[in-house]
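Asks: Structure file my_file-v3.csv, CSV, C-alpha atoms and all ligand atoms, is pasted below:
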chain,number,residue,atom,x,y,z
O,1,MET,CA,2.1,-1.4,19.1
O,2,ILE,CA,2.7,0.5,15.9
O,3,ASN,CA,1.8,4.1,15.3
O,4,ILE,CA,0.5,5.2,11.9
O,5,ASP,CA,0.8,8.7,10.5
O,6,VAL,CA,-1.0,9.6,7.3
O,7,ILE,CA,0.9,12.1,5.1
O,8,ASN,CA,-1.1,13.5,2.2
O,9,LEU,CA,1.3,14.5,-0.7
O,10,GLY,CA,1.1,15.7,-4.2
O,11,PRO,CA,-1.7,16.7,-6.6
O,12,MET,CA,-3.4,13.3,-6.7
O,13,ASP,CA,-4.3,13.0,-3.0
O,14,ASN,CA,-1.7,10.2,-2.4
O,15,CYS,CA,-1.5,8.8,1.1
O,16,THR,CA,2.0,8.0,2.3
O,17,TYR,CA,2.1,6.1,5.5
O,18,LEU,CA,4.7,6.5,8.2
O,19,VAL,CA,4.6,3.5,10.4
O,20,THR,CA,6.7,3.7,13.6
O,21,GLN,CA,7.5,1.6,16.6
O,22,GLY,CA,9.6,3.7,18.9
O,23,LYS,CA,12.3,5.3,16.8
O,24,GLU,CA,12.1,2.6,14.0
O,25,ALA,CA,10.1,3.6,10.9
O,26,LEU,CA,8.7,2.2,7.7
O,27,LEU,CA,7.4,4.2,4.8
O,28,ILE,CA,4.6,2.8,2.6
O,29,ASP,CA,4.2,4.4,-0.8
O,30,PRO,CA,6.4,7.5,-0.3
O,31,ALA,CA,5.0,9.8,-2.9
O,32,TRP,CA,5.9,13.0,-4.7
O,33,ASP,CA,7.7,15.1,-2.1
O,34,MET,CA,10.9,13.4,-0.9
O,35,ASN,CA,12.3,16.5,0.7
O,36,PHE,CA,9.3,16.7,3.0
O,37,LEU,CA,9.6,13.0,3.9
O,38,ILE,CA,13.3,13.2,4.6
O,39,HIS,CA,12.9,16.3,6.7
O,40,THR,CA,10.0,14.7,8.6
O,41,LEU,CA,12.1,11.6,9.4
O,42,GLU,CA,15.1,13.7,10.5
O,43,GLU,CA,12.9,16.1,12.6
O,44,LYS,CA,11.4,13.1,14.4
O,45,GLN,CA,14.8,11.5,14.7
O,46,LEU,CA,13.5,8.3,13.2
O,47,HIS,CA,15.5,5.4,11.8
O,48,LEU,CA,14.0,4.4,8.4
O,49,CYS,CA,14.5,0.6,8.2
O,50,GLY,CA,12.3,-0.1,5.1
O,51,VAL,CA,10.2,1.2,2.2
O,52,LEU,CA,7.4,-0.8,0.7
O,53,PHE,CA,5.2,-0.1,-2.4
O,54,THR,CA,1.7,-1.3,-2.7
O,55,HIS,CA,2.1,-1.3,-6.5
O,56,GLY,CA,4.2,0.2,-9.3
O,57,HIS,CA,2.1,3.2,-10.5
O,58,PHE,CA,4.1,6.3,-11.0
O,59,ASP,CA,2.3,8.4,-8.4
O,60,HIS,CA,3.3,5.9,-5.7
O,61,VAL,CA,6.9,5.1,-6.7
O,62,LYS,CA,8.3,7.6,-9.2
O,63,PHE,CA,9.9,10.1,-6.9
O,64,SER,CA,11.3,7.7,-4.4
O,65,GLN,CA,14.7,7.3,-6.0
O,66,GLU,CA,16.0,10.3,-4.1
O,67,LEU,CA,14.8,9.0,-0.7
O,68,LEU,CA,16.1,5.5,-1.3
O,69,THR,CA,19.5,6.8,-2.3
O,70,HIS,CA,19.6,9.1,0.6
O,71,PHE,CA,19.0,6.3,3.1
O,72,GLY,CA,20.8,3.5,1.2
O,73,LEU,CA,17.6,1.4,1.0
O,74,LYS,CA,15.9,-0.9,-1.5
O,75,ALA,CA,12.1,-0.7,-1.7
O,76,TYR,CA,10.0,-3.8,-1.6
O,77,LEU,CA,7.9,-4.2,-4.8
O,78,GLU,CA,6.0,-7.2,-6.2
O,79,GLU,CA,7.8,-8.5,-9.3
O,80,SER,CA,4.9,-8.1,-11.8
O,81,ASP,CA,4.9,-4.3,-11.3
O,82,VAL,CA,8.6,-3.8,-11.9
O,83,PRO,CA,8.0,-2.8,-15.5
O,84,LEU,CA,5.4,-0.2,-14.5
O,85,ALA,CA,7.6,1.3,-11.8
O,86,GLY,CA,10.5,2.2,-14.1
O,87,LEU,CA,12.9,2.4,-11.1
O,88,PRO,CA,16.5,1.1,-11.4
O,89,LEU,CA,16.6,-2.6,-10.3
O,90,GLU,CA,19.3,-1.9,-7.8
O,91,LEU,CA,16.8,0.2,-5.8
O,92,LEU,CA,14.3,-2.6,-5.6
O,93,HIS,CA,13.8,-5.7,-3.5
O,94,THR,CA,11.5,-7.7,-5.7
O,95,TYR,CA,9.4,-10.8,-4.7
O,96,GLN,CA,6.5,-12.9,-5.9
O,97,GLY,CA,3.1,-13.2,-4.4
O,98,ASP,CA,2.3,-13.6,-0.7
O,99,GLN,CA,5.3,-13.1,1.5
O,100,THR,CA,6.4,-12.4,5.1
O,101,PHE,CA,9.2,-10.0,5.8
O,102,GLU,CA,10.9,-9.1,9.1
O,103,ILE,CA,12.0,-5.5,8.6
O,104,GLY,CA,13.6,-4.0,11.7
O,105,PRO,CA,11.1,-4.7,14.5
O,106,PHE,CA,8.2,-4.9,12.0
O,107,HIS,CA,6.5,-8.2,11.1
O,108,VAL,CA,5.2,-7.5,7.6
O,109,LYS,CA,2.8,-9.8,5.8
O,110,ILE,CA,2.3,-9.2,2.1
O,111,TRP,CA,-1.0,-10.3,0.5
O,112,ALA,CA,-1.1,-10.4,-3.3
O,113,THR,CA,-4.2,-8.5,-4.4
O,114,PRO,CA,-4.0,-8.2,-8.2
O,115,GLY,CA,-6.7,-6.4,-10.2
O,116,HIS,CA,-5.8,-2.7,-10.3
O,117,THR,CA,-2.4,-3.9,-11.5
O,118,ALA,CA,-0.9,-7.4,-11.8
O,119,GLY,CA,1.5,-6.7,-8.9
O,120,CYS,CA,-0.8,-5.0,-6.5
O,121,VAL,CA,-0.4,-6.1,-2.9
O,122,CYS,CA,-1.9,-5.3,0.5
O,123,ILE,CA,0.6,-4.8,3.3
O,124,GLN,CA,-0.4,-6.1,6.7
O,125,ILE,CA,1.3,-4.9,9.9
O,126,GLU,CA,-0.4,-5.9,13.1
O,127,ASP,CA,-4.1,-5.1,12.7
O,128,ALA,CA,-3.5,-2.6,9.9
O,129,LEU,CA,-3.9,-3.4,6.2
O,130,PHE,CA,-2.5,-1.0,3.7
O,131,THR,CA,-4.6,-1.5,0.6
O,132,GLY,CA,-3.0,0.9,-1.9
O,133,ASP,CA,-5.3,1.3,-5.0
O,134,THR,CA,-7.0,-2.0,-4.5
O,135,LEU,CA,-9.6,-0.7,-2.0
O,136,PHE,CA,-10.6,2.8,-1.1
O,137,PRO,CA,-13.3,3.6,1.5
O,138,GLY,CA,-16.5,2.8,-0.4
O,139,ALA,CA,-14.7,2.0,-3.7
O,140,CYS,CA,-12.0,0.1,-5.4
O,141,GLY,CA,-9.3,1.0,-7.8
O,142,ARG,CA,-9.6,1.3,-11.6
O,143,VAL,CA,-9.5,-1.9,-13.5
O,144,ASP,CA,-9.1,-0.5,-17.0
O,145,LEU,CA,-5.4,0.2,-16.9
O,146,PRO,CA,-2.4,-1.7,-18.3
O,147,THR,CA,-2.2,-5.1,-16.5
O,148,SER,CA,-5.6,-4.5,-14.8
O,149,ASN,CA,-7.9,-7.5,-14.4
O,150,PRO,CA,-11.5,-7.0,-13.2
O,151,ARG,CA,-12.0,-10.7,-12.3
O,152,ASP,CA,-8.8,-10.6,-10.2
O,153,MET,CA,-10.1,-7.5,-8.5
O,154,LEU,CA,-13.2,-9.3,-7.4
O,155,ALA,CA,-11.1,-12.1,-5.9
O,156,SER,CA,-8.9,-9.5,-4.2
O,157,LEU,CA,-11.9,-7.7,-2.6
O,158,ARG,CA,-13.1,-11.0,-1.3
O,159,LYS,CA,-9.6,-11.6,0.1
O,160,ILE,CA,-9.8,-8.3,2.0
O,161,ALA,CA,-13.3,-9.1,3.2
O,162,SER,CA,-12.0,-12.3,4.7
O,163,PHE,CA,-9.9,-10.4,7.3
O,164,PRO,CA,-11.2,-9.9,10.8
O,165,GLU,CA,-13.9,-7.3,10.9
O,166,ASP,CA,-11.9,-4.9,13.1
O,167,THR,CA,-8.9,-4.9,10.7
O,168,ARG,CA,-8.0,-1.2,10.0
O,169,LEU,CA,-7.8,-0.4,6.3
O,170,PHE,CA,-5.6,2.4,4.9
O,171,ALA,CA,-5.9,3.3,1.2
O,172,GLY,CA,-3.5,4.7,-1.3
O,173,HIS,CA,-5.4,7.9,-1.9
O,174,SER,CA,-7.7,10.1,0.2
O,175,TYR,CA,-10.3,10.6,-2.5
O,176,GLY,CA,-13.3,12.4,-0.9
O,177,GLY,CA,-11.1,13.3,2.1
O,178,ARG,CA,-11.1,9.8,3.6
O,179,CYS,CA,-8.3,7.2,3.5
O,180,SER,CA,-9.1,4.8,6.3
O,181,SER,CA,-11.9,2.4,7.2
O,182,THR,CA,-12.4,-1.1,8.6
O,183,VAL,CA,-13.3,-4.4,7.1
O,184,ALA,CA,-16.7,-4.3,8.9
O,185,ASN,CA,-17.4,-0.9,7.5
O,186,GLU,CA,-16.5,-1.9,3.9
O,187,LYS,CA,-18.6,-5.0,4.1
O,188,LEU,CA,-21.6,-2.8,5.0
O,189,HIS,CA,-20.9,0.2,2.7
O,190,ASN,CA,-18.6,-0.7,-0.1
O,191,SER,CA,-20.8,-1.8,-3.0
O,192,PHE,CA,-17.8,-3.1,-5.0
O,193,MET,CA,-16.9,-5.4,-2.1
O,194,ARG,CA,-20.6,-6.4,-1.6
O,195,ASN,CA,-20.9,-7.3,-5.3
O,196,ALA,CA,-17.7,-9.3,-5.2
O,197,LEU,CA,-19.1,-11.3,-2.2
O,198,ARG,CA,-22.4,-11.8,-3.9
O,199,TRP,CA,-20.8,-12.8,-7.2
O,200,GLU,CA,-18.9,-15.6,-5.3
O,201,LYS,CA,-22.2,-17.1,-4.1
O,202,ASN,CA,-23.7,-17.4,-7.6
O,301,ZN,ZN,-2.5,2.9,-8.9
Mind converting the file's structure to structure tokens?
Replies:
Amino acid sequence: MINIDVINLGPMDNCTYLVTQGKEALLIDPAWDMNFLIHTLEEKQLHLCGVLFTHGHFDHVKFSQELLTHFGLKAYLEESDVPLAGLPLELLHTYQGDQTFEIGPFHVKIWATPGHTAGCVCIQIEDALFTGDTLFPGACGRVDLPTSNPRDMLASLRKIASFPEDTRLFAGHSYGGRCSSTVANEKLHNSFMRNALRWEKN
């Protein structure tokens, strides 16, 4: 069983996720304050075996260079978002679309969910789905940015809705103080997801 810690960092309510199994750790979207994250890992005596980005926006990736260099790691990023990320290629493990990765003891399933950006993905580990800026509790990410696509967003919201109802969702920001939900909750309360599902029927 994995353990998930939510770490809120920076001025934009970013959620960085520390996923652990025993002493093995993954970081998802390490944002803003690398000193804090490095210190947290060392204090908990964790072994960082991987870093994954949900997409390439600066508030999710920009400051990670120091952390990646410190631990000698490459971060997983969908290829379409490499230009947005602006990180040196030698610090990135790039891939295309849906993927499965074995990282340390973690079985990581990547689901391509474009819309907010072309390279947005949701990251599934066990029953947890890290949705980045594709889905927030009760909302979805902006679709008016470079490489955004509103039609793709609708398909991506339907993709998330197709997960088992008790799937735990963890978003890229805690706007309104909340960053987690479930698929069942979103199908009831997220008007963007409901519209996406209704749109499919017509
Ligand atoms: Zn974003």
Asks: Let me see if you get this right: every residue at most 10 Å from ligand ZN 301 (chain O), counting all atoms listed in the file, written as a list in words.
Replies: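 I would give the residues around ligand ZN 301 (chain O) as Asn14, Thr54, His55, Gly56, His57, Phe58, Asp59, His60, Val61, His116, Thr117, Cys120, Gly132, Asp133, Thr134, Gly141, Arg142, Val143, Leu145, Ser148, Gly172 and His173 of chain O.
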Asks: From the options O:Gln99, O:Asn35, O:Asn8, O:Thr113, which residue's atoms come nearest to Phe63 of chain O, counting only C-alpha atoms?
Replies: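 Going through O:Gln99, O:Asn35, O:Asn8, O:Thr113 one by one, the smallest distance to Phe63 of chain O is for O:Asn35.
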Asks: Please identify all polymer residues within 12 Å of Leu37 of chain O, counting only C-alpha atoms, omitting same-chain residues fewer than 4 positions from it, and present them as a compact mmCIF listing (two decimals) with C-alpha atoms, keeping the file's coordinate frame.
Replies:
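Final file, selection-v9.txt:
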# COMPACT_ATOMS: atom_id res chain seq x y z
CA ASP O 5 0.80 8.70 10.50
CA VAL O 6 -1.00 9.60 7.30
CA ILE O 7 0.90 12.10 5.10
CA ASN O 8 -1.10 13.50 2.20
CA LEU O 9 1.30 14.50 -0.70
CA THR O 16 2.00 8.00 2.30
CA TYR O 17 2.10 6.10 5.50
CA LEU O 18 4.70 6.50 8.20
CA ALA O 25 10.10 3.60 10.90
CA LEU O 26 8.70 2.20 7.70
CA LEU O 27 7.40 4.20 4.80
CA ILE O 28 4.60 2.80 2.60
CA ASP O 29 4.20 4.40 -0.80
CA PRO O 30 6.40 7.50 -0.30
CA ALA O 31 5.00 9.80 -2.90
CA TRP O 32 5.90 13.00 -4.70
CA ASP O 33 7.70 15.10 -2.10
CA LEU O 41 12.10 11.60 9.40
CA GLU O 42 15.10 13.70 10.50
CA GLU O 43 12.90 16.10 12.60
CA LYS O 44 11.40 13.10 14.40
CA LEU O 46 13.50 8.30 13.20
CA LEU O 48 14.00 4.40 8.40
CA VAL O 51 10.20 1.20 2.20
CA PHE O 63 9.90 10.10 -6.90
CA SER O 64 11.30 7.70 -4.40
CA GLU O 66 16.00 10.30 -4.10
CA LEU O 67 14.80 9.00 -0.70
CA LEU O 68 16.10 5.50 -1.30
CA HIS O 70 19.60 9.10 0.60
CA PHE O 71 19.00 6.30 3.10
Asks: What does the distance from atom CA of Phe136 of chain O to atom CA of Ala171 of chain O come to in Å, to one decimal?
Replies: 5.3 Å
Asks: Atom CA of Leu52 of chain O to atom CA of Thr69 of chain O: how many Å, to one decimal?
Replies: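 We find that atom CA of Leu52 of chain O and atom CA of Thr69 of chain O lie 14.6 Å from each other.
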Asks: How far is it from atom CA of Gly176 of chain O to atom CA of Leu84 of chain O, in Å with one decimal?
Replies: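 Separation of atom CA of Gly176 of chain O and atom CA of Leu84 of chain O: 26.3 Å.
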Asks: Check the smallest atom-to-atom distance from each of O:Leu129, O:Asp81, O:Ile110, O:Ala139 to Ser174 of chain O using all atoms listed in the file, then report the winner.
Replies: O:Ala139
Asks: Using all atoms listed in the file, which protein or nucleic acid residues come within 7 Å of segment 180-196 of chain O? Drop anything in the same chain fewer than 6 positions from it, and give the result as a CSV table (one decimal) with C-alpha atoms, keeping the file's coordinate frame.
Replies:
chain,number,residue,atom,x,y,z
O,137,PRO,CA,-13.3,3.6,1.5
O,138,GLY,CA,-16.5,2.8,-0.4
O,139,ALA,CA,-14.7,2.0,-3.7
O,140,CYS,CA,-12.0,0.1,-5.4
O,154,LEU,CA,-13.2,-9.3,-7.4
O,157,LEU,CA,-11.9,-7.7,-2.6
O,158,ARG,CA,-13.1,-11.0,-1.3
O,161,ALA,CA,-13.3,-9.1,3.2
O,163,PHE,CA,-9.9,-10.4,7.3
O,164,PRO,CA,-11.2,-9.9,10.8
O,165,GLU,CA,-13.9,-7.3,10.9
O,166,ASP,CA,-11.9,-4.9,13.1
O,167,THR,CA,-8.9,-4.9,10.7
O,168,ARG,CA,-8.0,-1.2,10.0
O,169,LEU,CA,-7.8,-0.4,6.3
O,170,PHE,CA,-5.6,2.4,4.9
O,171,ALA,CA,-5.9,3.3,1.2
Asks: Which residue out of O:Ala75, O:Ala112, O:Ile160, O:Ile38 has the minimum interatomic distance to Thr94 of chain O when all atoms listed in the file are used?
Replies: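 Residue with the minimum atom-to-atom distance to Thr94 of chain O: O:Ala75.
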Asks: Which is closest to Gly22 of chain O among O:Phe36, O:Gly97, O:Asp152, O:Gly104, if we use only C-alpha atoms?
Replies: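 Once distances to Gly22 of chain O are computed over only C-alpha atoms, the minimum belongs to O:Gly104.
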Asks: In terms of the shortest atom-to-atom distance over all atoms listed in the file, which of O:Phe53, O:Leu89, O:Phe101, O:Glu79 is closest to Thr131 of chain O?
Replies: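 When distances to Thr131 of chain O are compared using all atoms listed in the file, the smallest one comes from O:Phe53.
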